>>> print(open('run_4.tsv').read())   # TSV, C-alpha atoms
chain	number	residue	atom	x	y	z
A	1	MET	CA	-3.49	-44.33	-11.12
A	2	ARG	CA	-3.17	-41.57	-13.67
A	3	ARG	CA	-6.82	-40.62	-13.17
A	4	VAL	CA	-6.38	-40.43	-9.40
A	5	LEU	CA	-3.29	-38.24	-9.83
A	6	THR	CA	-5.22	-35.90	-12.14
A	7	MET	CA	-8.06	-35.70	-9.63
A	8	ILE	CA	-5.60	-34.88	-6.78
A	9	MET	CA	-3.93	-32.17	-8.87
A	10	LEU	CA	-7.29	-30.72	-9.81
A	11	GLY	CA	-8.38	-30.74	-6.16
A	12	ALA	CA	-5.13	-29.08	-5.11
A	13	ALA	CA	-5.54	-26.41	-7.80
A	14	VAL	CA	-9.08	-25.62	-6.60
A	15	ALA	CA	-7.97	-25.56	-2.96
A	16	LEU	CA	-4.99	-23.28	-3.63
A	17	SER	CA	-6.73	-20.84	-5.92
A	18	GLY	CA	-7.35	-17.93	-3.54
A	19	CYS	CA	-10.43	-15.79	-3.78
A	20	SER	CA	-9.49	-12.14	-3.36
A	21	THR	CA	-12.03	-9.41	-2.64
A	22	VAL	CA	-11.59	-5.66	-2.35
A	23	ASP	CA	-13.94	-3.58	-0.26
A	24	TYR	CA	-14.19	-0.03	1.05
A	25	GLY	CA	-14.28	0.57	4.79
A	26	ASP	CA	-14.80	3.49	7.16
A	27	ALA	CA	-11.52	5.45	7.16
A	28	GLN	CA	-12.36	6.71	10.67
A	29	ALA	CA	-13.04	3.24	12.08
A	30	ARG	CA	-10.78	1.68	14.69
A	31	GLU	CA	-7.87	-0.14	13.09
A	32	THR	CA	-6.20	-2.83	15.19
A	33	VAL	CA	-4.47	-5.06	12.65
A	34	ASN	CA	-1.32	-5.11	14.77
A	35	THR	CA	0.53	-2.92	17.28
A	36	ASP	CA	2.32	-0.87	14.61
A	37	PHE	CA	1.46	2.78	14.27
A	38	GLY	CA	-1.81	3.02	12.35
A	39	SER	CA	-4.55	5.31	11.09
A	40	THR	CA	-6.43	5.31	14.41
A	41	ASP	CA	-3.28	6.41	16.25
A	42	LEU	CA	-2.74	9.22	13.76
A	43	GLN	CA	-6.34	10.41	14.10
A	44	MET	CA	-6.27	10.20	17.91
A	45	ILE	CA	-3.04	12.19	18.11
A	46	ALA	CA	-4.22	14.90	15.70
A	47	SER	CA	-7.60	15.30	17.43
A	48	LYS	CA	-6.09	15.45	20.90
A	49	MET	CA	-3.47	18.04	19.89
A	50	VAL	CA	-5.91	20.29	18.03
A	51	ASP	CA	-8.61	20.08	20.73
A	52	ASP	CA	-6.15	20.90	23.49
A	53	MET	CA	-4.51	23.74	21.60
A	54	LEU	CA	-7.80	25.42	20.70
A	55	VAL	CA	-9.08	25.44	24.31
A	56	PHE	CA	-5.81	26.51	25.97
A	57	PRO	CA	-6.67	29.97	27.43
A	58	PRO	CA	-3.56	31.87	26.19
A	59	ILE	CA	-4.11	30.45	22.69
A	60	VAL	CA	-7.81	31.40	22.83
A	61	GLN	CA	-6.77	34.92	23.78
A	62	LEU	CA	-4.07	34.98	21.09
A	63	THR	CA	-6.48	33.96	18.33
A	64	GLN	CA	-9.40	36.09	19.53
A	65	ASN	CA	-9.00	38.87	17.00
A	66	ARG	CA	-6.30	37.65	14.62
A	67	ARG	CA	-5.02	34.53	12.90
A	68	PRO	CA	-1.33	34.03	13.77
A	69	VAL	CA	0.95	32.61	11.07
A	70	VAL	CA	2.67	29.34	11.90
A	71	PHE	CA	5.28	27.23	10.15
A	72	VAL	CA	5.52	23.52	10.81
A	73	ASP	CA	8.95	22.09	11.46
A	74	SER	CA	9.54	18.35	11.30
A	75	ILE	CA	8.50	15.92	14.01
A	76	LYS	CA	11.51	13.95	15.14
A	77	ASN	CA	10.71	10.25	14.84
A	78	LYS	CA	12.47	8.48	17.73
A	79	THR	CA	10.41	5.30	17.46
A	80	THR	CA	11.73	2.05	16.05
A	81	GLU	CA	9.22	2.22	13.20
A	82	HIS	CA	9.29	4.05	9.91
A	83	ILE	CA	6.48	6.57	10.44
A	84	ASP	CA	5.51	9.36	8.11
A	85	THR	CA	5.36	12.10	10.76
A	86	GLU	CA	4.60	14.68	8.08
A	87	SER	CA	1.24	12.97	7.67
A	88	ILE	CA	0.48	13.66	11.36
A	89	THR	CA	1.46	17.33	11.10
A	90	ASP	CA	-0.49	17.64	7.84
A	91	THR	CA	-3.66	16.49	9.62
A	92	ILE	CA	-3.01	18.83	12.56
A	93	GLN	CA	-2.32	21.69	10.16
A	94	SER	CA	-5.54	21.04	8.20
A	95	LYS	CA	-7.65	20.96	11.36
A	96	LEU	CA	-6.13	24.17	12.72
A	97	LEU	CA	-6.47	25.90	9.38
A	98	ASN	CA	-10.12	24.85	9.08
A	99	SER	CA	-10.81	26.11	12.60
A	100	GLY	CA	-10.16	29.62	11.30
A	101	LYS	CA	-7.74	30.30	14.14
A	102	PHE	CA	-4.34	29.92	12.47
A	103	ARG	CA	-2.69	30.42	9.11
A	104	PHE	CA	0.34	28.54	7.87
A	105	VAL	CA	3.33	29.02	5.62
A	106	ASP	CA	4.63	25.97	3.78
A	107	MET	CA	8.43	25.85	3.91
A	108	THR	CA	8.54	22.82	1.61
A	109	LYS	CA	7.32	24.95	-1.29
A	110	VAL	CA	9.69	27.90	-0.97
A	111	GLU	CA	11.67	26.98	-4.11
A	112	SER	CA	8.54	26.48	-6.21
A	113	VAL	CA	7.19	29.84	-5.06
A	114	ARG	CA	10.53	31.52	-5.84
A	115	GLU	CA	10.52	30.04	-9.35
A	116	GLN	CA	6.98	31.27	-9.92
A	117	LEU	CA	7.84	34.77	-8.65
A	118	ASP	CA	10.91	34.85	-10.92
A	119	TYR	CA	8.77	33.75	-13.85
A	120	GLN	CA	6.14	36.42	-13.15
A	121	SER	CA	8.65	39.23	-12.74
A	122	GLU	CA	11.31	38.30	-15.31
A	123	SER	CA	9.77	36.33	-18.15
A	124	GLY	CA	7.98	39.32	-19.65
A	125	LEU	CA	4.95	37.12	-20.23
A	126	VAL	CA	2.97	38.20	-17.18
A	127	ASP	CA	1.08	41.49	-16.93
A	128	PRO	CA	3.09	43.50	-14.34
A	129	ASN	CA	-0.17	44.79	-12.85
A	130	THR	CA	-1.19	41.25	-11.89
A	131	ALA	CA	2.26	39.83	-11.09
A	132	ALA	CA	2.89	38.88	-7.46
A	133	GLN	CA	5.51	41.13	-5.90
A	134	MET	CA	8.75	39.94	-4.34
A	135	GLY	CA	9.25	40.54	-0.64
A	136	ARG	CA	5.56	40.71	0.25
A	137	GLN	CA	5.21	37.39	2.05
A	138	ILE	CA	4.16	37.37	5.69
A	139	GLY	CA	6.69	36.03	8.19
A	140	ALA	CA	5.68	33.21	10.51
A	141	GLU	CA	5.19	34.20	14.13
A	142	PHE	CA	5.21	30.68	15.56
A	143	MET	CA	6.98	27.39	14.90
A	144	MET	CA	5.32	24.06	15.50
A	145	TYR	CA	7.60	21.11	16.22
A	146	GLY	CA	7.77	17.97	18.30
A	147	ASN	CA	8.96	14.47	19.05
A	148	PHE	CA	7.52	11.03	18.63
A	149	SER	CA	8.97	8.22	20.73
A	150	SER	CA	8.06	4.66	21.64
A	151	ILE	CA	8.91	1.92	24.11
A	152	VAL	CA	8.45	-1.65	22.91
A	153	LYS	CA	8.47	-4.64	25.26
A	154	ARG	CA	8.04	-8.32	24.50
A	155	GLU	CA	7.45	-11.18	26.89
A	156	GLY	CA	6.56	-14.56	25.45
A	157	SER	CA	3.57	-14.09	23.17
A	158	THR	CA	2.76	-10.62	24.53
A	159	LYS	CA	3.93	-7.42	22.88
A	160	ASP	CA	3.40	-4.04	24.51
A	161	VAL	CA	3.98	-0.78	22.65
A	162	TYR	CA	3.86	2.63	24.29
A	163	TYR	CA	3.85	5.72	22.07
A	164	LYS	CA	4.36	9.28	23.19
A	165	PHE	CA	3.77	12.19	20.85
A	166	THR	CA	4.84	15.65	21.99
A	167	LEU	CA	3.96	18.84	20.15
A	168	LYS	CA	5.12	22.37	20.95
A	169	LEU	CA	4.34	25.85	19.70
A	170	MET	CA	7.19	28.33	19.99
A	171	ASN	CA	7.14	32.08	19.50
A	172	ILE	CA	9.94	32.55	16.97
A	173	GLN	CA	10.84	36.06	18.09
A	174	THR	CA	10.93	35.49	21.84
A	175	GLY	CA	11.82	31.79	21.88
A	176	ILE	CA	9.07	31.18	24.41
A	177	ILE	CA	7.08	27.97	24.12
A	178	GLU	CA	3.50	29.20	24.21
A	179	TRP	CA	1.86	25.77	24.26
A	180	ALA	CA	2.90	22.12	24.52
A	181	ASN	CA	1.03	18.89	24.95
A	182	GLU	CA	1.49	15.12	24.86
A	183	LYS	CA	-0.55	12.19	23.69
A	184	GLU	CA	0.20	8.74	25.06
A	185	ILE	CA	-1.00	5.53	23.41
A	186	ARG	CA	-0.60	2.00	24.74
A	187	LYS	CA	-1.21	-1.02	22.53
A	188	THR	CA	-0.91	-4.62	23.66
A	189	GLN	CA	-0.98	-7.67	21.46
A	190	LYS	CA	-1.43	-11.18	22.82
A	191	LYS	CA	-1.20	-14.15	20.55
A	192	SER	CA	-3.43	-17.01	21.60
A	193	LEU	CA	-3.40	-20.59	20.35
A	194	PHE	CA	-6.35	-20.21	18.04
A	195	GLY	CA	-5.64	-16.63	17.05
A	196	MET	CA	-9.10	-15.50	18.14
B	197	MET	CA	-13.83	-41.66	16.43
B	198	THR	CA	-16.00	-40.85	19.46
B	199	ILE	CA	-13.31	-38.43	20.76
B	200	PHE	CA	-12.57	-37.04	17.30
B	201	ARG	CA	-16.13	-35.83	16.67
B	202	PRO	CA	-16.49	-33.58	19.79
B	203	LEU	CA	-13.00	-32.20	19.14
B	204	MET	CA	-13.97	-31.27	15.58
B	205	ALA	CA	-17.16	-29.63	16.85
B	206	LEU	CA	-15.13	-27.61	19.37
B	207	LEU	CA	-12.66	-26.52	16.68
B	208	VAL	CA	-15.45	-25.43	14.33
B	209	ALA	CA	-17.10	-23.52	17.19
B	210	LEU	CA	-13.82	-21.71	17.93
B	211	LEU	CA	-13.29	-20.85	14.29
B	212	LEU	CA	-16.80	-19.46	13.96
B	213	THR	CA	-16.63	-17.31	17.09
B	214	ALA	CA	-16.94	-13.69	16.02
B	215	CYS	CA	-14.55	-11.28	17.72
B	216	SER	CA	-16.66	-8.15	17.50
B	217	ALA	CA	-20.04	-6.90	16.41
B	218	SER	CA	-20.66	-3.79	14.36
B	219	ASN	CA	-23.52	-2.58	16.55
B	220	MET	CA	-23.97	1.15	16.73
B	221	GLY	CA	-25.82	3.27	19.20
B	222	GLN	CA	-26.54	6.96	19.25
B	223	LEU	CA	-26.70	9.40	22.11
B	224	GLU	CA	-28.17	12.54	20.66
B	225	VAL	CA	-27.87	15.88	22.36
B	226	ASP	CA	-30.04	18.69	21.11
B	227	GLU	CA	-29.12	22.20	22.14
B	228	ASN	CA	-31.64	25.06	22.04
B	229	GLY	CA	-30.39	27.46	24.63
B	230	GLU	CA	-31.33	25.07	27.42
B	231	THR	CA	-29.58	21.74	27.71
B	232	VAL	CA	-31.91	19.01	26.56
B	233	THR	CA	-30.61	15.47	26.60
B	234	ARG	CA	-32.26	12.84	24.52
B	235	VAL	CA	-30.83	9.36	24.44
B	236	TYR	CA	-31.82	6.70	21.97
B	237	SER	CA	-30.05	3.78	20.44
B	238	ASN	CA	-30.45	0.83	18.17
B	239	ASN	CA	-28.01	-1.13	20.31
B	240	SER	CA	-30.05	-1.83	23.42
B	241	LEU	CA	-27.26	-3.71	25.16
B	242	LEU	CA	-24.68	-0.93	24.84
B	243	SER	CA	-27.14	1.90	25.54
B	244	SER	CA	-28.49	0.10	28.59
B	245	ARG	CA	-25.00	0.11	30.03
B	246	ILE	CA	-24.11	3.75	29.29
B	247	SER	CA	-25.84	6.79	30.70
B	248	VAL	CA	-25.12	10.52	30.46
B	249	PRO	CA	-25.63	12.01	33.95
B	250	ASP	CA	-24.11	15.37	33.06
B	251	LEU	CA	-23.62	17.46	29.97
B	252	LYS	CA	-21.94	20.83	29.59
B	253	GLN	CA	-21.13	23.19	26.80
B	254	LYS	CA	-19.51	26.59	26.55
B	255	LYS	CA	-17.90	28.87	24.03
B	256	VAL	CA	-14.10	28.92	23.98
B	257	GLY	CA	-13.43	32.04	21.98
B	258	ASP	CA	-16.07	31.49	19.31
B	259	LEU	CA	-15.77	27.69	19.21
B	260	LEU	CA	-18.35	25.39	20.80
B	261	TYR	CA	-16.74	23.20	23.46
B	262	MET	CA	-18.58	20.24	24.95
B	263	GLN	CA	-18.09	17.90	27.87
B	264	ALA	CA	-20.24	14.86	28.53
B	265	THR	CA	-20.02	12.66	31.58
B	266	LEU	CA	-20.49	9.06	30.54
B	267	GLU	CA	-21.32	6.51	33.20
B	268	ASN	CA	-20.78	2.79	32.93
B	269	ASP	CA	-23.79	1.34	34.69
B	270	TRP	CA	-22.48	-2.18	34.21
B	271	LYS	CA	-20.35	-3.80	36.89
B	272	PHE	CA	-17.72	-4.94	34.39
B	273	GLN	CA	-15.26	-3.02	32.24
B	274	LEU	CA	-16.81	-1.47	29.14
B	275	ASP	CA	-14.76	-0.99	25.98
B	276	PHE	CA	-16.39	1.12	23.29
B	277	GLN	CA	-15.86	3.99	20.86
B	278	TYR	CA	-17.48	7.38	20.59
B	279	LYS	CA	-17.59	10.14	18.04
B	280	VAL	CA	-18.80	13.69	18.47
B	281	LYS	CA	-20.52	15.21	15.47
B	282	PHE	CA	-20.97	18.97	15.24
B	283	PHE	CA	-23.71	20.68	13.23
B	284	ASP	CA	-24.27	24.27	12.07
B	285	ALA	CA	-27.49	26.26	12.48
B	286	ASP	CA	-28.87	24.81	9.25
B	287	GLY	CA	-28.28	21.24	10.40
B	288	PHE	CA	-25.30	20.51	8.18
B	289	GLU	CA	-22.65	18.32	9.76
B	290	LEU	CA	-19.27	20.05	10.00
B	291	GLN	CA	-16.26	18.23	8.58
B	292	PRO	CA	-17.71	14.74	9.02
B	293	GLU	CA	-14.53	13.03	7.86
B	294	ALA	CA	-12.38	14.95	10.31
B	295	GLN	CA	-14.00	13.44	13.40
B	296	PRO	CA	-12.50	10.05	14.26
B	297	TRP	CA	-13.92	7.34	16.47
B	298	ARG	CA	-12.24	7.65	19.86
B	299	GLN	CA	-11.60	4.68	22.07
B	300	VAL	CA	-12.68	4.71	25.70
B	301	VAL	CA	-12.22	1.99	28.31
B	302	MET	CA	-14.29	2.40	31.45
B	303	ALA	CA	-13.99	0.36	34.62
B	304	GLY	CA	-17.18	-1.10	36.03
B	305	ARG	CA	-19.51	1.44	37.68
B	306	SER	CA	-17.28	4.36	36.77
B	307	GLN	CA	-17.64	7.75	35.12
B	308	ASN	CA	-15.56	9.30	32.38
B	309	ASN	CA	-15.66	12.81	30.97
B	310	ILE	CA	-15.33	13.11	27.22
B	311	LYS	CA	-14.56	16.44	25.61
B	312	ALA	CA	-14.50	17.79	22.11
B	313	ILE	CA	-14.23	21.15	20.44
B	314	ALA	CA	-16.08	22.15	17.30
B	315	PRO	CA	-13.99	22.17	14.14
B	316	ASN	CA	-15.02	25.75	13.35
B	317	PRO	CA	-17.10	28.63	14.78
B	318	SER	CA	-20.28	27.78	12.86
B	319	ALA	CA	-21.15	24.83	15.15
B	320	VAL	CA	-24.28	25.30	17.27
B	321	ARG	CA	-25.10	21.76	18.39
B	322	PHE	CA	-23.57	18.33	18.64
B	323	GLU	CA	-24.36	14.65	18.83
B	324	ILE	CA	-22.46	11.86	20.54
B	325	TRP	CA	-22.42	8.54	18.75
B	326	VAL	CA	-21.24	5.32	20.35
B	327	GLN	CA	-20.43	1.90	18.99
B	328	GLU	CA	-18.83	-1.25	20.28
>>> encode(input="run_4.tsv", output="structure tokens")
Amino acid sequence: MRRVLTMIMLGAAVALSGCSTVDYGDAQARETVNTDFGSTDLQMIASKMVDDMLVFPPIVQLTQNRRPVVFVDSIKNKTTEHIDTESITDTIQSKLLNSGKFRFVDMTKVESVREQLDYQSESGLVDPNTAAQMGRQIGAEFMMYGNFSSIVKREGSTKDVYYKFTLKLMNIQTGIIEWANEKEIRKTQKKSLFGM
Amino acid sequence: MTIFRPLMALLVALLLTACSASNMGQLEVDENGETVTRVYSNNSLLSSRISVPDLKQKKVGDLLYMQATLENDWKFQLDFQYKVKFFDADGFELQPEAQPWRQVVMAGRSQNNIKAIAPNPSAVRFEIWVQE
């Protein structure tokens, strides 16, 4: 009896010992683990916004001979999920910057820049000829901001999620919205008996 | 026991059913002033169901802008992904990690226009890649 019990415990230990593997995947591949906001959604939104902005005729004209300075305000997250909207605007900002059409100012680093300017001008340790001067920064001409909302519906084993991302570009001086666009995403999850 | 065995076989078959394949096809578009469309693929099934009846490109400002008309030659809905890769004059791919796979769902015997703009002004040609 004792031998049988030992064998059962050994068998259970082998059966329960999970085998975990870690692997790298394509970061650009479609991710459909569940209906929550994911990497594919982020990439689709960023690509759509950047593509549409760069081909919009008034923006093409605006960026023909100069690179306007933009600051990115926050994206208001109105969805029921915790989503890092800064990550979306970071991707959009990177793509626009790399296009050579826009330049950006980073309002999240104002205090760090001020500290560095104070250090360069007041510490006495920095050669005044190479120290960055106060009051020489370039003011942003445009503000980028937007909303992110969702509608979630459940019926039995079906879950439907609709996302809408809106992005706008406003001329700070005139208050005119020069460009705006939306990206809609619909994801549906159906749970079947065998989970296939 | 006679009922149990077919049921087990059915269960195993269901468990082993793969949901998707990682097949990849390529629709390459080579631009040398004139529009030349070359289509080849290592996924014969997918490529046999997709054709490119029209292809356009223009400069928007100094950025290359492309539009390809994809046609689903199959009578059923086709669900696949595409990616547009842009290359400079020396053949270097531009920002390869910035171009995501984009999902497209096409009804049977339908056409869909896909568009993409180059990530920067140095792009001179592009390729369209598709996968299931």
>>> residues_around(input="run_4.tsv", residues="B:Ala312", least_positions_apart="3", cutoff="8 Å", atoms="only C-alpha atoms", output="PyMOL selection string")
(chain A and resi 51) or (chain B and resi 261-263+280)
>>> interface_residues(input="run_4.tsv", of="chain A", to="chain B", cutoff="12 Å", atoms="only C-alpha atoms", output="number ranges by chain")
A: 26-32, 39-66, 91-92, 94-102, 185-187, 192-196
>>> write_last_selection(input="run_4.tsv", atoms="C-alpha atoms", output="PDB file, keeping the file's coordinate frame")
ATOM      1  CA  ASP A  26     -14.800   3.490   7.160  1.00  0.00           C
ATOM      2  CA  ALA A  27     -11.520   5.450   7.160  1.00  0.00           C
ATOM      3  CA  GLN A  28     -12.360   6.710  10.670  1.00  0.00           C
ATOM      4  CA  ALA A  29     -13.040   3.240  12.080  1.00  0.00           C
ATOM      5  CA  ARG A  30     -10.780   1.680  14.690  1.00  0.00           C
ATOM      6  CA  GLU A  31      -7.870  -0.140  13.090  1.00  0.00           C
ATOM      7  CA  THR A  32      -6.200  -2.830  15.190  1.00  0.00           C
ATOM      8  CA  SER A  39      -4.550   5.310  11.090  1.00  0.00           C
ATOM      9  CA  THR A  40      -6.430   5.310  14.410  1.00  0.00           C
ATOM     10  CA  ASP A  41      -3.280   6.410  16.250  1.00  0.00           C
ATOM     11  CA  LEU A  42      -2.740   9.220  13.760  1.00  0.00           C
ATOM     12  CA  GLN A  43      -6.340  10.410  14.100  1.00  0.00           C
ATOM     13  CA  MET A  44      -6.270  10.200  17.910  1.00  0.00           C
ATOM     14  CA  ILE A  45      -3.040  12.190  18.110  1.00  0.00           C
ATOM     15  CA  ALA A  46      -4.220  14.900  15.700  1.00  0.00           C
ATOM     16  CA  SER A  47      -7.600  15.300  17.430  1.00  0.00           C
ATOM     17  CA  LYS A  48      -6.090  15.450  20.900  1.00  0.00           C
ATOM     18  CA  MET A  49      -3.470  18.040  19.890  1.00  0.00           C
ATOM     19  CA  VAL A  50      -5.910  20.290  18.030  1.00  0.00           C
ATOM     20  CA  ASP A  51      -8.610  20.080  20.730  1.00  0.00           C
ATOM     21  CA  ASP A  52      -6.150  20.900  23.490  1.00  0.00           C
ATOM     22  CA  MET A  53      -4.510  23.740  21.600  1.00  0.00           C
ATOM     23  CA  LEU A  54      -7.800  25.420  20.700  1.00  0.00           C
ATOM     24  CA  VAL A  55      -9.080  25.440  24.310  1.00  0.00           C
ATOM     25  CA  PHE A  56      -5.810  26.510  25.970  1.00  0.00           C
ATOM     26  CA  PRO A  57      -6.670  29.970  27.430  1.00  0.00           C
ATOM     27  CA  PRO A  58      -3.560  31.870  26.190  1.00  0.00           C
ATOM     28  CA  ILE A  59      -4.110  30.450  22.690  1.00  0.00           C
ATOM     29  CA  VAL A  60      -7.810  31.400  22.830  1.00  0.00           C
ATOM     30  CA  GLN A  61      -6.770  34.920  23.780  1.00  0.00           C
ATOM     31  CA  LEU A  62      -4.070  34.980  21.090  1.00  0.00           C
ATOM     32  CA  THR A  63      -6.480  33.960  18.330  1.00  0.00           C
ATOM     33  CA  GLN A  64      -9.400  36.090  19.530  1.00  0.00           C
ATOM     34  CA  ASN A  65      -9.000  38.870  17.000  1.00  0.00           C
ATOM     35  CA  ARG A  66      -6.300  37.650  14.620  1.00  0.00           C
ATOM     36  CA  THR A  91      -3.660  16.490   9.620  1.00  0.00           C
ATOM     37  CA  ILE A  92      -3.010  18.830  12.560  1.00  0.00           C
ATOM     38  CA  SER A  94      -5.540  21.040   8.200  1.00  0.00           C
ATOM     39  CA  LYS A  95      -7.650  20.960  11.360  1.00  0.00           C
ATOM     40  CA  LEU A  96      -6.130  24.170  12.720  1.00  0.00           C
ATOM     41  CA  LEU A  97      -6.470  25.900   9.380  1.00  0.00           C
ATOM     42  CA  ASN A  98     -10.120  24.850   9.080  1.00  0.00           C
ATOM     43  CA  SER A  99     -10.810  26.110  12.600  1.00  0.00           C
ATOM     44  CA  GLY A 100     -10.160  29.620  11.300  1.00  0.00           C
ATOM     45  CA  LYS A 101      -7.740  30.300  14.140  1.00  0.00           C
ATOM     46  CA  PHE A 102      -4.340  29.920  12.470  1.00  0.00           C
ATOM     47  CA  ILE A 185      -1.000   5.530  23.410  1.00  0.00           C
ATOM     48  CA  ARG A 186      -0.600   2.000  24.740  1.00  0.00           C
ATOM     49  CA  LYS A 187      -1.210  -1.020  22.530  1.00  0.00           C
ATOM     50  CA  SER A 192      -3.430 -17.010  21.600  1.00  0.00           C
ATOM     51  CA  LEU A 193      -3.400 -20.590  20.350  1.00  0.00           C
ATOM     52  CA  PHE A 194      -6.350 -20.210  18.040  1.00  0.00           C
ATOM     53  CA  GLY A 195      -5.640 -16.630  17.050  1.00  0.00           C
ATOM     54  CA  MET A 196      -9.100 -15.500  18.140  1.00  0.00           C
TER      55      MET A 196
END
>>> closest_residue(input="run_4.tsv", among="A:Ser87, A:Val69, A:Thr188, A:Thr21", to="A:Thr158", atoms="all atoms listed in the file")
A:Thr188
>>> residues_around(input="run_4.tsv", residues="stretch 165-182 of chain A", least_positions_apart="5", cutoff="7 Å", atoms="only C-alpha atoms", output="list of chain:residue names")
A:Met49, A:Glu141, A:Phe142, A:Met143, A:Met144, A:Tyr145, A:Gly146, A:Asn147, A:Phe148, A:Ser149
>>> write_last_selection(input="run_4.tsv", atoms="C-alpha atoms", output="short mmCIF file (atom, residue, chain, number, x, y, z; two decimals), in the coordinates of the input")
data_model
loop_
_atom_site.label_atom_id
_atom_site.label_comp_id
_atom_site.auth_asym_id
_atom_site.auth_seq_id
_atom_site.Cartn_x
_atom_site.Cartn_y
_atom_site.Cartn_z
CA MET A 49 -3.47 18.04 19.89
CA GLU A 141 5.19 34.20 14.13
CA PHE A 142 5.21 30.68 15.56
CA MET A 143 6.98 27.39 14.90
CA MET A 144 5.32 24.06 15.50
CA TYR A 145 7.60 21.11 16.22
CA GLY A 146 7.77 17.97 18.30
CA ASN A 147 8.96 14.47 19.05
CA PHE A 148 7.52 11.03 18.63
CA SER A 149 8.97 8.22 20.73
#
>>> atom_distance(input="run_4.tsv", atom1="atom CA of B:Glu267", atom2="atom CA of B:Ile324")
13.8 Å
>>> closest_residue(input="run_4.tsv", among="A:Leu125, A:Ala140, A:Val72, A:Ile83", to="A:Thr108", atoms="all atoms listed in the file")
A:Val72
>>> atom_distance(input="run_4.tsv", atom1="atom CA of A:Thr35", atom2="atom CA of A:Ile75")
20.7 Å
>>> atom_distance(input="run_4.tsv", atom1="atom CA of B:Gly304", atom2="atom CA of B:Phe276")
13.0 Å
>>> residues_around(input="run_4.tsv", residues="A:Thr80", least_positions_apart="2", cutoff="12 Å", atoms="only C-alpha atoms", output="PyMOL selection string")
chain A and resi 36-37+76-78+82-83+148-153+161-163
>>> closest_residue(input="run_4.tsv", among="A:Gly38, A:Ser157, A:Ser112, A:Phe71", to="A:Asp84", atoms="all atoms listed in the file")
A:Gly38
>>> residues_around(input="run_4.tsv", residues="B:Ala264", least_positions_apart="5", cutoff="10 Å", atoms="all atoms listed in the file", output="MDAnalysis selection string")
chainID B and resid 225 248:253 308:312 324
>>> residues_near_point(input="run_4.tsv", point="(-13.7, -4.1, 36.3)", cutoff="12 Å", atoms="only C-alpha atoms", output="short mmCIF file (atom, residue, chain, number, x, y, z; two decimals) with C-alpha atoms, in the frame of the given file")
data_model
loop_
_atom_site.label_atom_id
_atom_site.label_comp_id
_atom_site.auth_asym_id
_atom_site.auth_seq_id
_atom_site.Cartn_x
_atom_site.Cartn_y
_atom_site.Cartn_z
CA ASN B 268 -20.78 2.79 32.93
CA ASP B 269 -23.79 1.34 34.69
CA TRP B 270 -22.48 -2.18 34.21
CA LYS B 271 -20.35 -3.80 36.89
CA PHE B 272 -17.72 -4.94 34.39
CA GLN B 273 -15.26 -3.02 32.24
CA LEU B 274 -16.81 -1.47 29.14
CA ASP B 275 -14.76 -0.99 25.98
CA VAL B 301 -12.22 1.99 28.31
CA MET B 302 -14.29 2.40 31.45
CA ALA B 303 -13.99 0.36 34.62
CA GLY B 304 -17.18 -1.10 36.03
CA ARG B 305 -19.51 1.44 37.68
CA SER B 306 -17.28 4.36 36.77
#
>>> closest_residue(input="run_4.tsv", among="B:Ser244, B:Val300, B:Phe322, B:Asn239", to="B:Tyr278", atoms="all atoms listed in the file")
B:Val300
>>> residues_around(input="run_4.tsv", residues="B:Phe288", least_positions_apart="2", cutoff="12 Å", atoms="only C-alpha atoms", output="ChimeraX atom specification")
/B:281-286,290-292,318-322
